[in-house]
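See below for work_25.cif, which holds mmCIF, C-alpha atoms.
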```
data_input
loop_
_atom_site.group_PDB
_atom_site.id
_atom_site.type_symbol
_atom_site.label_atom_id
_atom_site.label_comp_id
_atom_site.auth_asym_id
_atom_site.auth_seq_id
_atom_site.Cartn_x
_atom_site.Cartn_y
_atom_site.Cartn_z
ATOM 1 C CA MET A 1 101.238 97.939 -21.862
ATOM 2 C CA ASN A 2 104.171 98.488 -19.518
ATOM 3 C CA LYS A 3 106.310 101.600 -19.756
ATOM 4 C CA THR A 4 109.472 99.772 -20.841
ATOM 5 C CA ARG A 5 107.763 98.237 -23.848
ATOM 6 C CA ALA A 6 106.148 101.537 -24.771
ATOM 7 C CA LEU A 7 109.493 103.336 -24.708
ATOM 8 C CA ASN A 8 111.179 100.663 -26.816
ATOM 9 C CA GLU A 9 108.599 101.135 -29.573
ATOM 10 C CA PHE A 10 109.901 104.608 -30.425
ATOM 11 C CA PRO A 11 112.300 105.089 -33.344
ATOM 12 C CA ARG A 12 115.870 104.687 -32.100
ATOM 13 C CA GLN A 13 117.564 107.271 -34.282
ATOM 14 C CA GLN A 14 118.639 110.496 -32.612
ATOM 15 C CA ARG A 15 116.479 113.451 -33.520
ATOM 16 C CA THR A 16 118.090 116.741 -34.434
ATOM 17 C CA GLN A 17 117.467 119.126 -31.574
ATOM 18 C CA SER A 18 118.010 122.117 -33.882
ATOM 19 C CA ALA A 19 114.723 121.554 -35.751
ATOM 20 C CA LYS A 20 112.039 124.075 -34.834
ATOM 21 C CA TYR A 21 109.266 121.483 -34.993
ATOM 22 C CA ARG A 22 110.029 118.031 -33.560
ATOM 23 C CA PHE A 23 106.743 116.178 -33.615
ATOM 24 C CA LEU A 24 105.588 112.683 -32.787
ATOM 25 C CA LEU A 25 102.436 111.692 -34.648
ATOM 26 C CA MET A 26 100.638 108.886 -32.811
ATOM 27 C CA LEU A 27 97.884 106.725 -34.261
ATOM 28 C CA PRO A 28 94.861 106.090 -32.005
ATOM 29 C CA PHE A 29 95.316 102.305 -32.007
ATOM 30 C CA ARG A 30 97.058 99.489 -33.855
ATOM 31 C CA LEU A 31 94.928 96.593 -35.055
ATOM 32 C CA PRO A 32 96.409 93.074 -34.910
ATOM 33 C CA THR A 33 97.947 91.975 -38.215
ATOM 34 C CA GLN A 34 95.557 89.065 -38.712
ATOM 35 C CA THR A 35 92.277 90.872 -38.047
ATOM 36 C CA LYS A 36 89.627 90.752 -40.752
ATOM 37 C CA TRP A 37 88.348 94.177 -39.712
ATOM 38 C CA ARG A 38 91.271 96.109 -41.151
ATOM 39 C CA ASP A 39 90.436 98.961 -43.538
ATOM 40 C CA PRO A 40 93.450 98.942 -45.899
ATOM 41 C CA GLY A 41 93.284 102.707 -46.311
ATOM 42 C CA MET A 42 93.379 103.368 -42.573
ATOM 43 C CA HIS A 43 94.898 100.431 -40.695
ATOM 44 C CA LYS A 44 98.287 99.486 -42.096
ATOM 45 C CA GLU A 45 101.151 97.230 -41.059
ATOM 46 C CA HIS A 46 102.822 98.973 -38.141
ATOM 47 C CA ASP A 47 106.379 98.391 -39.379
ATOM 48 C CA LEU A 48 105.935 100.320 -42.646
ATOM 49 C CA PRO A 49 107.946 103.503 -43.318
ATOM 50 C CA LYS A 50 106.344 106.483 -41.629
ATOM 51 C CA GLU A 51 105.160 107.986 -44.913
ATOM 52 C CA ASP A 52 103.302 104.767 -45.766
ATOM 53 C CA LEU A 53 101.913 104.403 -42.266
ATOM 54 C CA LEU A 54 100.389 107.891 -42.294
ATOM 55 C CA MET A 55 96.910 107.843 -43.816
ATOM 56 C CA ASN A 56 96.321 110.306 -46.683
ATOM 57 C CA TYR A 57 100.031 111.138 -46.701
ATOM 58 C CA GLU A 58 99.899 113.030 -50.005
ATOM 59 C CA MET A 59 97.319 115.409 -48.555
ATOM 60 C CA VAL A 60 99.202 115.864 -45.266
ATOM 61 C CA ALA A 61 102.783 115.984 -46.602
ATOM 62 C CA PRO A 62 102.932 119.750 -47.358
ATOM 63 C CA HIS A 63 102.140 120.446 -43.705
ATOM 64 C CA LEU A 64 105.043 118.234 -42.587
ATOM 65 C CA ALA A 65 107.627 119.695 -44.966
ATOM 66 C CA ASP A 66 109.188 121.819 -42.204
ATOM 67 C CA VAL A 67 108.710 119.240 -39.429
ATOM 68 C CA ASP A 68 111.209 116.674 -38.113
ATOM 69 C CA TRP A 69 108.680 113.953 -37.352
ATOM 70 C CA ASP A 70 108.300 110.387 -36.211
ATOM 71 C CA MET A 71 105.272 108.134 -36.422
ATOM 72 C CA HIS A 72 104.027 105.878 -33.634
ATOM 73 C CA PRO A 73 101.646 103.048 -34.646
ATOM 74 C CA GLY A 74 99.660 103.184 -31.406
ATOM 75 C CA ALA A 75 98.800 100.471 -28.900
ATOM 76 C CA GLU A 76 96.664 97.440 -29.667
ATOM 77 C CA PRO A 77 93.150 98.166 -28.370
ATOM 78 C CA PRO A 78 92.140 95.996 -25.405
ATOM 79 C CA TYR A 79 88.446 95.855 -26.395
ATOM 80 C CA GLY A 80 88.835 93.812 -29.610
ATOM 81 C CA ASP A 81 90.357 93.765 -33.106
ATOM 82 C CA TRP A 82 88.103 96.239 -34.933
ATOM 83 C CA PRO A 83 88.101 100.065 -35.280
ATOM 84 C CA VAL A 84 86.900 102.186 -32.369
ATOM 85 C CA GLU A 85 83.359 103.562 -32.486
ATOM 86 C CA THR A 86 81.464 103.276 -29.178
ATOM 87 C CA ARG A 87 82.053 105.251 -25.979
ATOM 88 C CA ALA A 88 83.442 102.173 -24.218
ATOM 89 C CA GLU A 89 85.838 101.470 -27.091
ATOM 90 C CA PHE A 90 87.070 105.060 -27.078
ATOM 91 C CA ALA A 91 87.693 104.838 -23.322
ATOM 92 C CA TYR A 92 89.766 101.668 -23.771
ATOM 93 C CA ALA A 93 91.740 103.154 -26.688
ATOM 94 C CA GLY A 94 92.371 106.396 -24.823
ATOM 95 C CA ALA A 95 93.748 104.641 -21.753
ATOM 96 C CA ALA A 96 95.907 102.316 -23.876
ATOM 97 C CA ARG A 97 97.793 105.194 -25.518
ATOM 98 C CA LEU A 98 98.758 107.092 -22.336
ATOM 99 C CA ASP A 99 101.867 105.013 -21.545
ATOM 100 C CA ASN A 100 103.139 105.742 -25.052
ATOM 101 C CA VAL A 101 102.448 109.459 -24.639
ATOM 102 C CA LYS A 102 104.383 109.564 -21.376
ATOM 103 C CA ALA A 103 107.234 107.564 -22.891
ATOM 104 C CA ALA A 104 107.409 110.040 -25.784
ATOM 105 C CA CYS A 105 107.662 112.941 -23.360
ATOM 106 C CA LYS A 106 110.462 111.230 -21.423
ATOM 107 C CA THR A 107 112.630 110.775 -24.532
ATOM 108 C CA GLY A 108 113.176 114.547 -24.798
ATOM 109 C CA ARG A 109 113.046 114.238 -28.589
ATOM 110 C CA TYR A 110 109.807 116.076 -29.231
ATOM 111 C CA ASN A 111 108.272 119.472 -28.610
ATOM 112 C CA ALA A 112 104.812 118.311 -29.669
ATOM 113 C CA VAL A 113 102.764 115.120 -29.650
ATOM 114 C CA VAL A 114 100.041 115.096 -32.305
ATOM 115 C CA LEU A 115 97.385 112.522 -31.462
ATOM 116 C CA LEU A 116 95.720 111.118 -34.572
ATOM 117 C CA GLY A 117 92.165 109.798 -34.572
ATOM 118 C CA GLY A 118 88.995 111.772 -35.221
ATOM 119 C CA GLY A 119 87.365 110.965 -31.882
ATOM 120 C CA ASP A 120 90.342 112.247 -29.835
ATOM 121 C CA PRO A 121 90.746 109.168 -27.593
ATOM 122 C CA GLY A 122 92.612 110.063 -24.404
ATOM 123 C CA TYR A 123 93.283 113.640 -25.531
ATOM 124 C CA LEU A 124 92.620 115.620 -22.346
ATOM 125 C CA GLU A 125 94.471 113.061 -20.249
ATOM 126 C CA ALA A 126 97.389 113.032 -22.713
ATOM 127 C CA ARG A 127 97.451 116.824 -22.728
ATOM 128 C CA GLU A 128 97.765 116.776 -18.945
ATOM 129 C CA VAL A 129 100.755 114.419 -19.239
ATOM 130 C CA CYS A 130 102.384 116.510 -21.979
ATOM 131 C CA HIS A 131 101.889 119.779 -20.107
ATOM 132 C CA ASN A 132 103.819 118.375 -17.144
ATOM 133 C CA TYR A 133 106.792 117.935 -19.511
ATOM 134 C CA GLY A 134 106.350 121.304 -21.229
ATOM 135 C CA ILE A 135 105.290 119.630 -24.487
ATOM 136 C CA VAL A 136 102.479 120.673 -26.826
ATOM 137 C CA CYS A 137 99.696 118.148 -27.405
ATOM 138 C CA THR A 138 97.054 118.484 -30.116
ATOM 139 C CA THR A 139 94.485 116.193 -31.697
ATOM 140 C CA ASN A 140 92.184 116.010 -34.686
ATOM 141 C CA GLY A 141 88.708 116.861 -33.433
ATOM 142 C CA HIS A 142 89.678 119.575 -30.968
ATOM 143 C CA SER A 143 92.026 121.257 -33.445
ATOM 144 C CA GLN A 144 89.403 121.322 -36.178
ATOM 145 C CA MET A 145 86.759 122.745 -33.870
ATOM 146 C CA SER A 146 89.117 125.367 -32.436
ATOM 147 C CA ILE A 147 90.148 126.540 -35.904
ATOM 148 C CA ALA A 148 86.526 126.461 -37.080
ATOM 149 C CA THR A 149 85.552 128.991 -34.409
ATOM 150 C CA MET A 150 88.123 131.385 -35.911
ATOM 151 C CA LEU A 151 86.664 131.028 -39.400
ATOM 152 C CA GLY A 152 82.921 131.339 -38.889
ATOM 153 C CA ALA A 153 80.125 131.595 -36.352
ATOM 154 C CA ARG A 154 79.045 127.933 -36.420
ATOM 155 C CA PHE A 155 80.465 124.678 -37.723
ATOM 156 C CA SER A 156 78.951 121.347 -38.675
ATOM 157 C CA VAL A 157 80.565 117.920 -38.440
ATOM 158 C CA ILE A 158 80.399 115.389 -41.277
ATOM 159 C CA ASP A 159 80.897 111.948 -39.772
ATOM 160 C CA ILE A 160 80.432 108.217 -40.226
ATOM 161 C CA ALA A 161 77.106 106.796 -39.044
ATOM 162 C CA GLY A 162 76.159 105.072 -35.818
ATOM 163 C CA VAL A 163 77.036 105.612 -32.180
ATOM 164 C CA HIS A 164 80.119 107.592 -33.256
ATOM 165 C CA ASN A 165 77.776 110.551 -33.841
ATOM 166 C CA VAL A 166 76.560 110.709 -30.253
ATOM 167 C CA TYR A 167 80.061 110.085 -28.948
ATOM 168 C CA TYR A 168 81.232 113.047 -31.021
ATOM 169 C CA ARG A 169 78.428 115.137 -29.535
ATOM 170 C CA ASP A 170 79.878 114.275 -26.122
ATOM 171 C CA LEU A 171 83.238 115.680 -27.277
ATOM 172 C CA ILE A 172 81.636 118.944 -28.326
ATOM 173 C CA TYR A 173 80.005 119.268 -24.904
ATOM 174 C CA ARG A 174 83.281 118.364 -23.189
ATOM 175 C CA TYR A 175 85.189 121.045 -25.098
ATOM 176 C CA GLY A 176 82.544 123.688 -24.273
ATOM 177 C CA LEU A 177 81.732 124.259 -27.956
ATOM 178 C CA LYS A 178 78.030 123.357 -28.028
ATOM 179 C CA ASP A 179 76.997 126.905 -28.953
ATOM 180 C CA PHE A 180 79.366 126.894 -31.926
ATOM 181 C CA CYS A 181 78.150 123.584 -33.391
ATOM 182 C CA ALA A 182 75.305 123.728 -35.890
ATOM 183 C CA SER A 183 74.913 119.969 -36.387
ATOM 184 C CA ILE A 184 76.506 116.544 -36.687
ATOM 185 C CA ARG A 185 75.524 114.804 -39.922
ATOM 186 C CA ASN A 186 76.632 111.417 -41.233
ATOM 187 C CA ILE A 187 77.267 109.853 -44.620
ATOM 188 C CA GLY A 188 75.477 106.585 -43.856
ATOM 189 C CA LEU A 189 78.610 104.403 -43.768
ATOM 190 C CA ARG A 190 80.471 102.819 -40.871
ATOM 191 C CA LEU A 191 83.926 101.369 -40.370
ATOM 192 C CA PRO A 192 84.484 97.579 -40.488
ATOM 193 C CA ARG A 193 83.283 95.817 -37.344
ATOM 194 C CA PRO A 194 81.325 92.725 -36.299
ATOM 195 C CA GLY A 195 77.711 92.766 -37.427
ATOM 196 C CA ILE A 196 77.958 94.957 -40.517
ATOM 197 C CA GLU A 197 79.756 92.611 -42.897
ATOM 198 C CA ASP A 198 77.230 93.198 -45.701
ATOM 199 C CA ALA A 199 77.190 97.000 -45.439
ATOM 200 C CA PRO A 200 78.950 99.213 -48.034
ATOM 201 C CA GLN A 201 82.653 99.338 -47.249
ATOM 202 C CA MET A 202 84.399 102.696 -46.832
ATOM 203 C CA HIS A 203 87.632 101.566 -48.492
ATOM 204 C CA VAL A 204 85.700 100.406 -51.558
ATOM 205 C CA GLU A 205 83.961 103.777 -51.843
ATOM 206 C CA ARG A 206 87.295 105.554 -51.405
ATOM 207 C CA GLU A 207 88.884 103.481 -54.170
ATOM 208 C CA LYS A 208 85.976 104.288 -56.495
ATOM 209 C CA ALA A 209 86.285 108.013 -55.824
ATOM 210 C CA CYS A 210 90.060 108.117 -56.186
ATOM 211 C CA SER A 211 89.844 106.293 -59.521
ATOM 212 C CA GLY A 212 87.297 108.785 -60.838
ATOM 213 C CA GLY A 213 84.248 106.590 -60.364
ATOM 214 C CA ARG A 214 80.930 107.185 -58.660
ATOM 215 C CA SER A 215 81.106 106.893 -54.859
ATOM 216 C CA ILE A 216 78.128 106.978 -52.526
ATOM 217 C CA ALA A 217 80.440 108.210 -49.777
ATOM 218 C CA VAL A 218 81.324 111.302 -51.821
ATOM 219 C CA GLU A 219 77.755 111.888 -52.963
ATOM 220 C CA ASN A 220 76.330 111.543 -49.458
ATOM 221 C CA ALA A 221 79.068 113.743 -47.967
ATOM 222 C CA ILE A 222 78.416 116.587 -50.405
ATOM 223 C CA GLU A 223 74.638 116.335 -49.951
ATOM 224 C CA GLN A 224 74.903 116.311 -46.156
ATOM 225 C CA THR A 225 77.380 119.186 -46.209
ATOM 226 C CA GLU A 226 75.095 121.375 -48.321
ATOM 227 C CA ALA A 227 72.176 120.455 -46.044
ATOM 228 C CA ALA A 228 74.261 121.528 -43.039
ATOM 229 C CA ILE A 229 74.764 124.927 -44.691
ATOM 230 C CA LEU A 230 71.188 125.432 -45.902
ATOM 231 C CA GLU A 231 69.226 123.830 -43.068
ATOM 232 C CA ASP A 232 71.489 124.046 -39.994
ATOM 233 C CA GLY A 233 73.289 127.355 -40.514
ATOM 234 C CA ALA A 234 76.807 125.928 -40.764
ATOM 235 C CA GLU A 235 79.471 128.355 -41.955
ATOM 236 C CA VAL A 236 82.460 126.009 -41.586
ATOM 237 C CA ILE A 237 82.659 122.245 -42.155
ATOM 238 C CA THR A 238 84.724 119.865 -40.028
ATOM 239 C CA LEU A 239 85.150 116.108 -40.368
ATOM 240 C CA GLY A 240 84.461 113.635 -37.555
ATOM 241 C CA CYS A 241 85.951 110.140 -37.745
ATOM 242 C CA SER A 242 89.375 109.961 -39.370
ATOM 243 C CA GLY A 243 87.789 107.445 -41.742
ATOM 244 C CA VAL A 244 86.162 110.375 -43.562
ATOM 245 C CA PHE A 245 89.222 112.666 -43.699
ATOM 246 C CA TRP A 246 89.956 111.522 -47.268
ATOM 247 C CA LEU A 247 86.674 113.174 -48.288
ATOM 248 C CA GLN A 248 87.965 116.707 -47.608
ATOM 249 C CA PRO A 249 89.070 117.570 -51.183
ATOM 250 C CA PHE A 250 85.941 115.968 -52.659
ATOM 251 C CA ILE A 251 83.637 117.953 -50.359
ATOM 252 C CA LYS A 252 85.592 121.131 -51.003
ATOM 253 C CA ARG A 253 85.302 120.745 -54.773
ATOM 254 C CA GLY A 254 81.659 119.734 -54.533
ATOM 255 C CA LEU A 255 80.805 122.879 -52.593
ATOM 256 C CA GLU A 256 82.745 125.077 -54.994
ATOM 257 C CA VAL A 257 80.833 123.605 -57.949
ATOM 258 C CA ARG A 258 77.574 124.465 -56.179
ATOM 259 C CA GLY A 259 78.770 128.013 -55.550
ATOM 260 C CA TRP A 260 79.635 127.824 -51.832
ATOM 261 C CA ASP A 261 82.609 129.633 -50.303
ATOM 262 C CA VAL A 262 82.793 127.565 -47.110
ATOM 263 C CA PRO A 263 85.995 126.256 -45.424
ATOM 264 C CA VAL A 264 86.280 122.466 -45.138
ATOM 265 C CA LEU A 265 88.758 121.360 -42.471
ATOM 266 C CA GLU A 266 90.501 118.006 -42.029
ATOM 267 C CA GLY A 267 91.856 116.579 -38.803
ATOM 268 C CA TYR A 268 95.467 115.614 -39.489
ATOM 269 C CA THR A 269 96.446 118.909 -41.089
ATOM 270 C CA ALA A 270 94.503 120.923 -38.503
ATOM 271 C CA ALA A 271 96.253 119.189 -35.600
ATOM 272 C CA ILE A 272 99.718 119.597 -37.155
ATOM 273 C CA GLU A 273 99.224 123.304 -37.852
ATOM 274 C CA HIS A 274 97.651 123.815 -34.419
ATOM 275 C CA ALA A 275 100.759 122.257 -32.846
ATOM 276 C CA LYS A 276 103.034 124.558 -34.863
ATOM 277 C CA MET A 277 101.090 127.589 -33.658
ATOM 278 C CA LEU A 278 101.466 126.599 -29.993
ATOM 279 C CA VAL A 279 105.181 125.851 -30.440
ATOM 280 C CA ASN A 280 105.621 129.265 -32.078
ATOM 281 C CA LEU A 281 103.828 130.935 -29.165
ATOM 282 C CA GLY A 282 105.889 129.019 -26.609
ATOM 283 C CA LEU A 283 102.702 127.747 -24.958
ATOM 284 C CA THR A 284 101.309 124.322 -24.119
ATOM 285 C CA ALA A 285 98.245 124.839 -21.918
ATOM 286 C CA SER A 286 97.047 126.488 -18.734
ATOM 287 C CA GLY A 287 98.563 125.027 -15.577
ATOM 288 C CA ILE A 288 95.177 125.429 -13.921
ATOM 289 C CA THR A 289 93.209 123.617 -16.609
ATOM 290 C CA PHE A 290 95.862 120.876 -16.785
ATOM 291 C CA MET A 291 97.046 120.977 -13.200
ATOM 292 C CA ALA A 292 100.098 119.058 -12.020
ATOM 293 C CA ASP A 293 99.646 116.614 -9.168
ATOM 294 C CA GLN A 294 101.903 118.860 -7.031
ATOM 295 C CA PRO A 295 101.215 122.437 -8.236
ATOM 296 C CA LYS A 296 103.039 125.351 -6.628
ATOM 297 C CA ARG A 297 99.749 127.231 -6.165
ATOM 298 C CA LEU A 298 96.198 125.908 -5.793
ATOM 299 C CA PRO A 299 93.104 128.001 -6.576
ATOM 300 C CA ARG A 300 90.538 128.079 -3.779
ATOM 301 C CA LYS A 301 87.643 127.756 -6.211
ATOM 302 C CA ILE A 302 87.057 126.386 -9.714
ATOM 303 C CA ILE A 303 84.086 127.958 -11.455
ATOM 304 C CA PRO A 304 82.126 125.740 -13.893
#
```
Exercise: express the given structure as structure tokens:
Amino acid sequence: MNKTRALNEFPRQQRTQSAKYRFLLMLPFRLPTQTKWRDPGMHKEHDLPKEDLLMNYEMVAPHLADVDWDMHPGAEPPYGDWPVETRAEFAYAGAARLDNVKAACKTGRYNAVVLLGGGDPGYLEAREVCHNYGIVCTTNGHSQMSIATMLGARFSVIDIAGVHNVYYRDLIYRYGLKDFCASIRNIGLRLPRPGIEDAPQMHVEREKACSGGRSIAVENAIEQTEAAILEDGAEVITLGCSGVFWLQPFIKRGLEVRGWDVPVLEGYTAAIEHAKMLVNLGLTASGITFMADQPKRLPRKIIP
């Protein structure tokens, strides 16, 4: 995607510069309208109002009440027309969103870019771009893990199944949080993609749960969460793929019924509140960790 097109995709209205929090929320990718791999709860028409475009809006809305925010639908993924799951797909999706991140920074409208998507595609690279403009950048996985380390000694991740689990393990290594992670467990479901047409569908299980019916996604999530506490030593629960974020209130209630006082985090709200904290502190990131291409000072040694 060229930079001119990316810039033109931003809302054209002028933002009020007096707002304390001026955030752009950016989806990890935008699936083509005609794809058959669209999960109606996650992948919506990109021209909808921002409140309709934001997944789980009712759950997230209280955290946006004091935020002047826009929503970006993301770039179409160059790997195919299905949700991201493998390492290669995450690499493609991460690269595809960087032009949009840079364009957002250039508008001068925002003091934070909140990258949505549980696997954090392109996050460290986007944070480097944002830091060069003095703009905060947060994302779902990193924000959850960072907050989890403030709440307990070890956290577990409840995720979808498949290669996403090992990709998420890579994230934990990359963020230097291996010693804080008790386990990565999955609920046995995957997102729509070629080859799993006959598997249980996440959106069907979500609809069952939200209508008060029995859902294997909810049952498996609660069972795996309790196993993470009893068997793995988890003291905080985080959620992996954004496709399982809707499970947060169900897991929380399920644990309470079983007598557990354990925090259950969710990616969108964690990333929004993390961004507010950094804006309040007047900080974006270290200029050594996210070094400009022409820094004023260069360290002589970087220690692993």
Select, from A:Val262, A:Trp246, A:Gly213, A:Met42, the residue with the minimum atom-to-atom distance to A:Leu151, counting only C-alpha atoms.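 Ranked by minimum distance to A:Leu151, first place goes to A:Val262.
Taking only C-alpha atoms into account, A:Ala182 lies nearest to A:Met145 out of the set A:Met145, A:Ala95, A:Val218, A:Val257.
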Mind dumping a table of every stretch 67-143 of chain A residue within 6 Å of stretch 18-31 of chain A, with the nearest atom pair and its distance in Å to one decimal, using only C-alpha atoms, sorted by chain and rising number, as a Markdown table?
```
| residue | atom | partner | partner_atom | distance |
| --- | --- | --- | --- | --- |
| A:Val67 | CA | A:Tyr21 | CA | 5.0 |
| A:Asp68 | CA | A:Arg22 | CA | 4.9 |
| A:Trp69 | CA | A:Phe23 | CA | 4.8 |
| A:Asp70 | CA | A:Leu24 | CA | 4.9 |
| A:Met71 | CA | A:Leu25 | CA | 4.9 |
| A:His72 | CA | A:Met26 | CA | 4.6 |
| A:Pro73 | CA | A:Leu27 | CA | 5.3 |
| A:Gly74 | CA | A:Phe29 | CA | 4.5 |
| A:Ala75 | CA | A:Phe29 | CA | 5.0 |
| A:Glu76 | CA | A:Arg30 | CA | 4.7 |
| A:Pro77 | CA | A:Phe29 | CA | 5.9 |
| A:Asp81 | CA | A:Leu31 | CA | 5.7 |
| A:Tyr110 | CA | A:Arg22 | CA | 4.8 |
| A:Asn111 | CA | A:Arg22 | CA | 5.4 |
| A:Ala112 | CA | A:Phe23 | CA | 4.9 |
| A:Val113 | CA | A:Leu24 | CA | 4.9 |
| A:Val114 | CA | A:Leu25 | CA | 4.8 |
| A:Leu115 | CA | A:Met26 | CA | 5.1 |
| A:Leu116 | CA | A:Leu27 | CA | 4.9 |
| A:Gly117 | CA | A:Pro28 | CA | 5.3 |
```
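By chain and then residue number, the residues within 9 Å of A:Asn220 are Asn186, Ile187, Gly188, Ser215, Ile216, Ala217, Glu223, Gln224 and Thr225 of chain A, counting all atoms listed in the file and disregarding those fewer than 3 positions away in sequence.
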Pick from A:Glu51, A:Leu124, A:Leu191, A:Lys36, whichever lies nearest to A:Val136 using only C-alpha atoms: A:Leu124
Test item: residues at most 8 Å from A:Ala126, only C-alpha atoms, excluding those fewer than 5 positions along its chain, as a list of chain:residue names: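 Near A:Ala126, the qualifying residues are A:Leu98, A:Val101, A:Lys102, A:Cys137.
Distance annotation: of A:Glu128, A:Pro192, A:Pro32, A:Asp261, the residue with the minimal separation from A:Ile288 is A:Glu128; atom set is all atoms listed in the file.
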Would you pick out the contacts of A:Asn165 at 10 Å or less, using all atoms listed in the file, so that residues sharing its chain but fewer than 4 positions from it are not included, and give the list as a PDB file with C-alpha atoms, keeping the file's coordinate frame?
```
ATOM      1  CA  GLU A  85      83.359 103.562 -32.486  1.00  0.00           C
ATOM      2  CA  THR A  86      81.464 103.276 -29.178  1.00  0.00           C
ATOM      3  CA  GLY A 119      87.365 110.965 -31.882  1.00  0.00           C
ATOM      4  CA  VAL A 157      80.565 117.920 -38.440  1.00  0.00           C
ATOM      5  CA  ILE A 158      80.399 115.389 -41.277  1.00  0.00           C
ATOM      6  CA  ASP A 159      80.897 111.948 -39.772  1.00  0.00           C
ATOM      7  CA  ILE A 160      80.432 108.217 -40.226  1.00  0.00           C
ATOM      8  CA  ALA A 161      77.106 106.796 -39.044  1.00  0.00           C
ATOM      9  CA  ARG A 169      78.428 115.137 -29.535  1.00  0.00           C
ATOM     10  CA  ASP A 170      79.878 114.275 -26.122  1.00  0.00           C
ATOM     11  CA  LEU A 171      83.238 115.680 -27.277  1.00  0.00           C
ATOM     12  CA  ILE A 184      76.506 116.544 -36.687  1.00  0.00           C
ATOM     13  CA  ARG A 185      75.524 114.804 -39.922  1.00  0.00           C
ATOM     14  CA  ASN A 186      76.632 111.417 -41.233  1.00  0.00           C
ATOM     15  CA  GLY A 240      84.461 113.635 -37.555  1.00  0.00           C
ATOM     16  CA  CYS A 241      85.951 110.140 -37.745  1.00  0.00           C
TER      17      CYS A 241
END
```
Neighbour list for stretch 174-177 of chain A as an MDAnalysis selection string, cut-off 12 Å, all atoms listed in the file, skip fewer than 3 positions in-chain: chainID A and resid 120 123:124 141:149 153:156 167:171 180:183 289 304
Would you kindly translate the PyMOL selection byres ((chain A and resi 57-62) around 9) into the concrete residues it picks from this file, as a count of residues only? 15
Which residue gives the smallest distance to A:Lys106 among A:Pro78, A:Gly122, A:Pro40, A:Gly134, with only C-alpha atoms counted?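 Smallest separation from A:Lys106 among the options: A:Gly134.
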Two-atom distance - atom CA of A:Tyr79, atom CA of A:Asp99 (Å):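 Computing it gives 17.0 Å between the two atoms.
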Separating atom CA of A:Cys130 from atom CA of A:Ala104, to the nearest tenth of an Å, is a gap of 9.0 Å
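Using all atoms listed in the file, the nearest neighbour of A:Ala271 within the list A:Phe250, A:Asn140, A:Arg214, A:Glu125 is A:Asn140.
The two atoms in question, atom CA of A:Ile251 and atom CA of A:Ile222, are spaced 5.4 Å apart.
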Edge lengths and centre, in Å to one decimal, as lines of an AutoDock Vina configuration file: that's what I need for the box along x, y and z that holds all listed atoms of stretch 173-178 of chain A plus 5 Å on each side.
```
center_x = 81.6
center_y = 121.3
center_z = -25.6
size_x = 17.2
size_y = 15.9
size_z = 14.8
```
Skip A:Met291 itself and residues of its chain fewer than 3 positions away, then list as a PyMOL selection string all residues within 9 Å of it, counting all atoms listed in the file. chain A and resi 128+131-132+286-288+294-295+298
